[in-house]
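Undergrad: Here you go, one structure.
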Amino acid sequence: MTRKLIAGNWKMNGSLADNEALLRAVLAGLPAAPAADVAVCVPAPYLAQVQALCQGTALAWGAQDVSAHERGAYTGEVSAAMLRDFGCRYVIVGHSERRQYHGESDEAVAAKAQRALAAGITPIVCVGETEAQRDAGQTEAVVKRQLAAVIHTVGHCVSEIVVAYEPVWAIGTGKTATPEQAQAVHAVLRAQIKAATPQAARVKLLYGGSMNPANAAALLAQPDIDGGLIGGASLKAEEFLRIVRAAV
Ligand code: PGA
């Protein structure tokens with residue numbers, strides 16, 4: 001079994017003062033050698049602050065998006081090399097909020113994953129179905145299509161990515177997928193990765209969507225759930241730490 005990964009997704013929350021208080025509280029509660037890998041994915045303007053506070057600790061950090069382009073005339077975008085300059089170990093790509101509000105296609109998400117890998121940053125590739133797609137019985141087809149685009153683009157490097165299954169209907173809603181529902185999708189994703197690389201067992205498959213201290217242990221006990229991508233609960237140090245402690 002791979003080491004689990006608990007990654008916070010702060011989304012568009014925080015301030016210099018709030019971030020410092022949150023990170024100091026998380027760092028104070030984190031063991032020197034946690035049983036799981038732990039990270040926070042923060043808004044890009046705060047990367048320097050987070051790097052300064054977390055360097056040399058057990059808490060890694062990352063960003064929430066990256067440009068599909070290497071450099072140049074792309075006003076407002078942030079490149080993978082820039083994220084690398086600030087010590088990012090991870091970057092979330094293809095979060096459903098970006099697919100939905102910024103029209104990111106499967107191909108764009110795949111290009112972003114590729115850029116991250118080329119810069120030595122682990123992309124956390126998000127996939128997941130909407131409630132309507134689930135109701136229509138399309139869950140498997142949707143997540144497989146989303147992941148297939150990434151596998152097609154990155155090839156054998158798929159062994160270097162992290163995948164986060166985040167059912168859109170569970171994000172920020174308090175409606176968590178049951179451990180069985182999540183495991184069923186994770187098994188599909190694992191099989192798809194197995195078909196692409198002999199290293200499939202080392203690819204971490206995270207669950208995300210209203211994961212909290214009360215439901216984390218049961219989700220993380222599933223055979224193909226290797227960690228969590230935590231939104232709301234990552235903004236509260238004690239809740240985030242309790243989820244980290246559930247990841248053994
Ligand atoms: P949530 O968000 O934990 O607040 O549901 C998860 C995510 O969107 O990554």
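Residue numbers start at 1 in each chain; chains themselves are named A, B, ... in the order of the structure tokens; ligands are numbered from 1 in the order shown.
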Check which residues fall inside 10 Å of ligand 1 when counting only C-alpha atoms and all ligand atoms, and print them as a PyMOL selection string.
TA: chain A and resi 7-11+41+64+92+95-97+126+164-176+207-212+228-235
Undergrad: Just want the 10 Å neighbourhood of A:Ala28, counted on only C-alpha atoms, with same-chain residues fewer than 4 positions away dropped. Output as a PyMOL selection string.
TA: chain A and resi 22-24+32+237+241
Undergrad: Can those selected residues be exported to a file as an mmCIF file, in the first residue's frame so that it contains all heavy atoms?
TA:
```
data_model
loop_
_atom_site.group_PDB
_atom_site.id
_atom_site.type_symbol
_atom_site.label_atom_id
_atom_site.label_comp_id
_atom_site.auth_asym_id
_atom_site.auth_seq_id
_atom_site.Cartn_x
_atom_site.Cartn_y
_atom_site.Cartn_z
ATOM 1 N N LEU A 22 -3.432 29.913 10.610
ATOM 2 C CA LEU A 22 -3.820 28.545 10.241
ATOM 3 C C LEU A 22 -2.599 27.640 10.128
ATOM 4 O O LEU A 22 -2.562 26.531 10.675
ATOM 5 C CB LEU A 22 -4.594 28.593 8.913
ATOM 6 C CG LEU A 22 -5.006 27.270 8.267
ATOM 7 C CD1 LEU A 22 -5.859 26.426 9.205
ATOM 8 C CD2 LEU A 22 -5.777 27.529 6.962
ATOM 9 N N LEU A 23 -1.569 28.121 9.430
ATOM 10 C CA LEU A 23 -0.390 27.281 9.224
ATOM 11 C C LEU A 23 0.352 27.030 10.534
ATOM 12 O O LEU A 23 0.829 25.915 10.775
ATOM 13 C CB LEU A 23 0.547 27.926 8.190
ATOM 14 C CG LEU A 23 0.033 27.867 6.753
ATOM 15 C CD1 LEU A 23 0.928 28.679 5.824
ATOM 16 C CD2 LEU A 23 -0.063 26.417 6.259
ATOM 17 N N ARG A 24 0.423 28.047 11.374
ATOM 18 C CA ARG A 24 1.113 27.826 12.661
ATOM 19 C C ARG A 24 0.365 26.778 13.485
ATOM 20 O O ARG A 24 0.977 25.930 14.138
ATOM 21 C CB ARG A 24 1.253 29.138 13.434
ATOM 22 C CG ARG A 24 2.315 30.048 12.830
ATOM 23 C CD ARG A 24 2.818 31.104 13.808
ATOM 24 N NE ARG A 24 3.674 32.086 13.128
ATOM 25 C CZ ARG A 24 4.929 31.866 12.728
ATOM 26 N NH1 ARG A 24 5.502 30.693 12.953
ATOM 27 N NH2 ARG A 24 5.618 32.817 12.124
ATOM 28 N N ALA A 32 6.415 15.319 13.776
ATOM 29 C CA ALA A 32 7.617 15.579 12.976
ATOM 30 C C ALA A 32 7.672 14.633 11.785
ATOM 31 O O ALA A 32 8.126 15.004 10.707
ATOM 32 C CB ALA A 32 8.857 15.424 13.846
ATOM 33 N N ALA A 237 -7.756 24.328 11.408
ATOM 34 C CA ALA A 237 -6.574 23.522 11.738
ATOM 35 C C ALA A 237 -6.960 22.218 12.427
ATOM 36 O O ALA A 237 -6.457 21.151 12.068
ATOM 37 C CB ALA A 237 -5.614 24.335 12.610
ATOM 38 N N LEU A 241 -6.225 18.547 10.966
ATOM 39 C CA LEU A 241 -5.324 17.645 11.702
ATOM 40 C C LEU A 241 -6.016 16.338 12.066
ATOM 41 O O LEU A 241 -5.395 15.268 12.044
ATOM 42 C CB LEU A 241 -4.808 18.339 12.970
ATOM 43 C CG LEU A 241 -3.758 19.433 12.726
ATOM 44 C CD1 LEU A 241 -3.576 20.285 13.984
ATOM 45 C CD2 LEU A 241 -2.427 18.823 12.290
#
```
Undergrad: For A:Arg245, which residue out of A:Ala81, A:Leu30, A:Val42, A:Val150 is the nearest one, using only C-alpha atoms?
TA: A:Leu30
Undergrad: For each of A:Arg242, A:Arg134, A:Arg84, A:Lys236, take the minimum atom-to-atom distance to A:Thr122, counting only C-alpha atoms, then give the residue where this is smallest.
TA: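 When distances to A:Thr122 are compared using only C-alpha atoms, the smallest one comes from A:Arg84.
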Undergrad: Quick one: of A:Val244, A:Val93, A:Leu147, A:Ala184, who's nearest to A:Leu5, counting only C-alpha atoms?
TA: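 Distance minimum relative to A:Leu5 lands on A:Val244.
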Undergrad: Restricting the calculation to only C-alpha atoms, which member of A:Ala118, A:Ala48, A:Leu53, A:Val143 is positioned closest to A:Cys88?
TA: A:Ala48
Undergrad: Would you please work out which residue, of A:Arg71, A:Gly76, A:Gly62, A:Gln222, is nearest to A:Ile121 when using only C-alpha atoms?
TA: A:Gly62
Undergrad: When you count only C-alpha atoms, which of these residues is closest to A:Ala108: A:Val127, A:Ala21, A:Ala73, A:Ala68?
TA: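 Closest candidate: A:Ala68.
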Undergrad: When you draw a straight line from atom CA of A:Phe240 to atom CA of A:Leu59, how long is it in Å?
TA: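 Distance between the two atoms: 12.1 Å.
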Undergrad: Interatomic distance between atom CA of A:Gln55 and atom CA of A:Gly87?
TA: 8.5 Å
Undergrad: Write out as number ranges by chain all residues of stretch 82-229 of chain A that backbone DSSP assigns to helix (DSSP H, G or I).
TA: A: 82-85, 96-101, 106-118, 131-135, 139-160, 168-170, 179-194, 200-202, 216-220
Undergrad: One number please: atom CA of A:Lys112 to atom CA of A:Glu131, in Å, one decimal.
TA: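 Answer for the atom CA of A:Lys112 to atom CA of A:Glu131 separation: 25.8 Å.
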Undergrad: Name the residues in contact with stretch 214-221 of chain A at a cut-off of 7 Å, using only C-alpha atoms, excluding same-chain residues fewer than 4 positions from it; report them as a PyMOL selection string.
TA: chain A and resi 179+225-227+243+246-247
Undergrad: Could those residues be written to a file, using all heavy atoms, as a PDB file, in the first residue's frame?
TA:
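And here is the file that came out, part-v9.pdb:
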```pdb
ATOM      1  N   PRO A 179     -18.525   5.469   1.538  1.00  0.00           N
ATOM      2  CA  PRO A 179     -17.259   4.779   1.255  1.00  0.00           C
ATOM      3  C   PRO A 179     -17.406   3.779   0.112  1.00  0.00           C
ATOM      4  O   PRO A 179     -16.509   3.647  -0.722  1.00  0.00           O
ATOM      5  CB  PRO A 179     -16.940   4.067   2.579  1.00  0.00           C
ATOM      6  CG  PRO A 179     -17.605   4.921   3.622  1.00  0.00           C
ATOM      7  CD  PRO A 179     -18.865   5.450   2.981  1.00  0.00           C
ATOM      8  N   ILE A 225      -8.680   3.917  -1.818  1.00  0.00           N
ATOM      9  CA  ILE A 225      -8.684   5.338  -1.426  1.00  0.00           C
ATOM     10  C   ILE A 225      -7.387   5.613  -0.666  1.00  0.00           C
ATOM     11  O   ILE A 225      -7.171   5.124   0.431  1.00  0.00           O
ATOM     12  CB  ILE A 225      -9.935   5.702  -0.598  1.00  0.00           C
ATOM     13  CG1 ILE A 225     -11.206   5.430  -1.434  1.00  0.00           C
ATOM     14  CG2 ILE A 225      -9.882   7.176  -0.172  1.00  0.00           C
ATOM     15  CD1 ILE A 225     -12.505   5.900  -0.829  1.00  0.00           C
ATOM     16  N   ASP A 226      -6.521   6.381  -1.324  1.00  0.00           N
ATOM     17  CA  ASP A 226      -5.164   6.602  -0.802  1.00  0.00           C
ATOM     18  C   ASP A 226      -4.992   7.980  -0.179  1.00  0.00           C
ATOM     19  O   ASP A 226      -3.862   8.446  -0.006  1.00  0.00           O
ATOM     20  CB  ASP A 226      -4.148   6.459  -1.941  1.00  0.00           C
ATOM     21  CG  ASP A 226      -4.306   5.147  -2.692  1.00  0.00           C
ATOM     22  OD1 ASP A 226      -4.430   4.110  -2.031  1.00  0.00           O
ATOM     23  OD2 ASP A 226      -4.317   5.183  -3.937  1.00  0.00           O
ATOM     24  N   GLY A 227      -6.100   8.647   0.102  1.00  0.00           N
ATOM     25  CA  GLY A 227      -5.967   9.956   0.723  1.00  0.00           C
ATOM     26  C   GLY A 227      -7.172  10.818   0.425  1.00  0.00           C
ATOM     27  O   GLY A 227      -8.184  10.347  -0.090  1.00  0.00           O
ATOM     28  N   ILE A 243      -8.265  14.855  10.306  1.00  0.00           N
ATOM     29  CA  ILE A 243      -8.287  14.044   9.083  1.00  0.00           C
ATOM     30  C   ILE A 243      -6.890  13.438   8.831  1.00  0.00           C
ATOM     31  O   ILE A 243      -6.754  12.276   8.492  1.00  0.00           O
ATOM     32  CB  ILE A 243      -8.753  14.895   7.874  1.00  0.00           C
ATOM     33  CG1 ILE A 243     -10.208  15.333   8.092  1.00  0.00           C
ATOM     34  CG2 ILE A 243      -8.623  14.097   6.582  1.00  0.00           C
ATOM     35  CD1 ILE A 243     -10.725  16.352   7.083  1.00  0.00           C
ATOM     36  N   ALA A 246      -6.419  10.493  10.845  1.00  0.00           N
ATOM     37  CA  ALA A 246      -7.212   9.340  10.391  1.00  0.00           C
ATOM     38  C   ALA A 246      -6.531   8.605   9.240  1.00  0.00           C
ATOM     39  O   ALA A 246      -6.935   7.505   8.873  1.00  0.00           O
ATOM     40  CB  ALA A 246      -8.600   9.816   9.958  1.00  0.00           C
ATOM     41  N   ALA A 247      -5.509   9.221   8.676  1.00  0.00           N
ATOM     42  CA  ALA A 247      -4.823   8.624   7.522  1.00  0.00           C
ATOM     43  C   ALA A 247      -3.612   7.845   7.999  1.00  0.00           C
ATOM     44  O   ALA A 247      -2.524   8.404   8.148  1.00  0.00           O
ATOM     45  CB  ALA A 247      -4.400   9.733   6.550  1.00  0.00           C
TER      46      ALA A 247
END
```
Undergrad: Residues within 12 Å of A:Val109, please, as an NGL selection string. Count only C-alpha atoms; anything in the same chain fewer than 3 positions from it doesn't count.
TA: :A and (65-69 or 91-96 or 98-99 or 102-106 or 112-116 or 123-127 or 145-154)
Undergrad: Would you kindly return, as a ChimeraX atom specification, each protein, DNA or RNA residue with an atom no farther than 8 Å from any atom of stretch 188-198 of chain A, considering only C-alpha atoms and excluding same-chain residues fewer than 6 positions away?
TA: /A:140,143-144,147,151,155-156,158-159,205,224
Undergrad: What does the file look like for those residues with N, CA and C atoms, as a PDB file, in the first residue's frame?
TA:
```
ATOM      1  N   GLU A 140     -19.168   6.297 -14.433  1.00  0.00           N
ATOM      2  CA  GLU A 140     -17.950   5.619 -14.914  1.00  0.00           C
ATOM      3  C   GLU A 140     -17.451   6.224 -16.207  1.00  0.00           C
ATOM      4  N   VAL A 143     -15.797   9.814 -15.600  1.00  0.00           N
ATOM      5  CA  VAL A 143     -14.467   9.851 -14.970  1.00  0.00           C
ATOM      6  C   VAL A 143     -13.423   9.171 -15.863  1.00  0.00           C
ATOM      7  N   LYS A 144     -13.835   8.127 -16.572  1.00  0.00           N
ATOM      8  CA  LYS A 144     -12.882   7.452 -17.462  1.00  0.00           C
ATOM      9  C   LYS A 144     -12.479   8.360 -18.622  1.00  0.00           C
ATOM     10  N   LEU A 147     -10.024  11.010 -17.219  1.00  0.00           N
ATOM     11  CA  LEU A 147      -8.690  10.467 -16.946  1.00  0.00           C
ATOM     12  C   LEU A 147      -7.999  10.020 -18.236  1.00  0.00           C
ATOM     13  N   ILE A 151      -4.085  10.461 -19.510  1.00  0.00           N
ATOM     14  CA  ILE A 151      -3.220   9.312 -19.829  1.00  0.00           C
ATOM     15  C   ILE A 151      -2.722   9.428 -21.268  1.00  0.00           C
ATOM     16  N   GLY A 155       1.221   9.794 -21.151  1.00  0.00           N
ATOM     17  CA  GLY A 155       1.788   8.473 -21.436  1.00  0.00           C
ATOM     18  C   GLY A 155       2.215   7.742 -20.174  1.00  0.00           C
ATOM     19  N   HIS A 156       3.420   7.168 -20.207  1.00  0.00           N
ATOM     20  CA  HIS A 156       3.859   6.335 -19.079  1.00  0.00           C
ATOM     21  C   HIS A 156       4.072   7.170 -17.814  1.00  0.00           C
ATOM     22  N   VAL A 158       2.043   8.715 -16.324  1.00  0.00           N
ATOM     23  CA  VAL A 158       0.841   8.633 -15.486  1.00  0.00           C
ATOM     24  C   VAL A 158       1.194   8.056 -14.113  1.00  0.00           C
ATOM     25  N   SER A 159       2.282   7.305 -14.031  1.00  0.00           N
ATOM     26  CA  SER A 159       2.677   6.756 -12.720  1.00  0.00           C
ATOM     27  C   SER A 159       3.107   7.860 -11.760  1.00  0.00           C
ATOM     28  N   LEU A 205      -4.782   7.668  -5.296  1.00  0.00           N
ATOM     29  CA  LEU A 205      -6.142   8.051  -5.681  1.00  0.00           C
ATOM     30  C   LEU A 205      -6.817   8.672  -4.461  1.00  0.00           C
ATOM     31  N   ASP A 224      -8.910   1.229  -2.316  1.00  0.00           N
ATOM     32  CA  ASP A 224      -8.347   2.072  -3.377  1.00  0.00           C
ATOM     33  C   ASP A 224      -8.428   3.559  -3.063  1.00  0.00           C
TER      34      ASP A 224
END
```
Undergrad: Please return, as a VMD selection string, all residues of stretch 123-190 of chain A that DSSP assigns to strand (DSSP E) on the basis of the backbone.
TA: chain A and resid 123 to 127 162 to 165
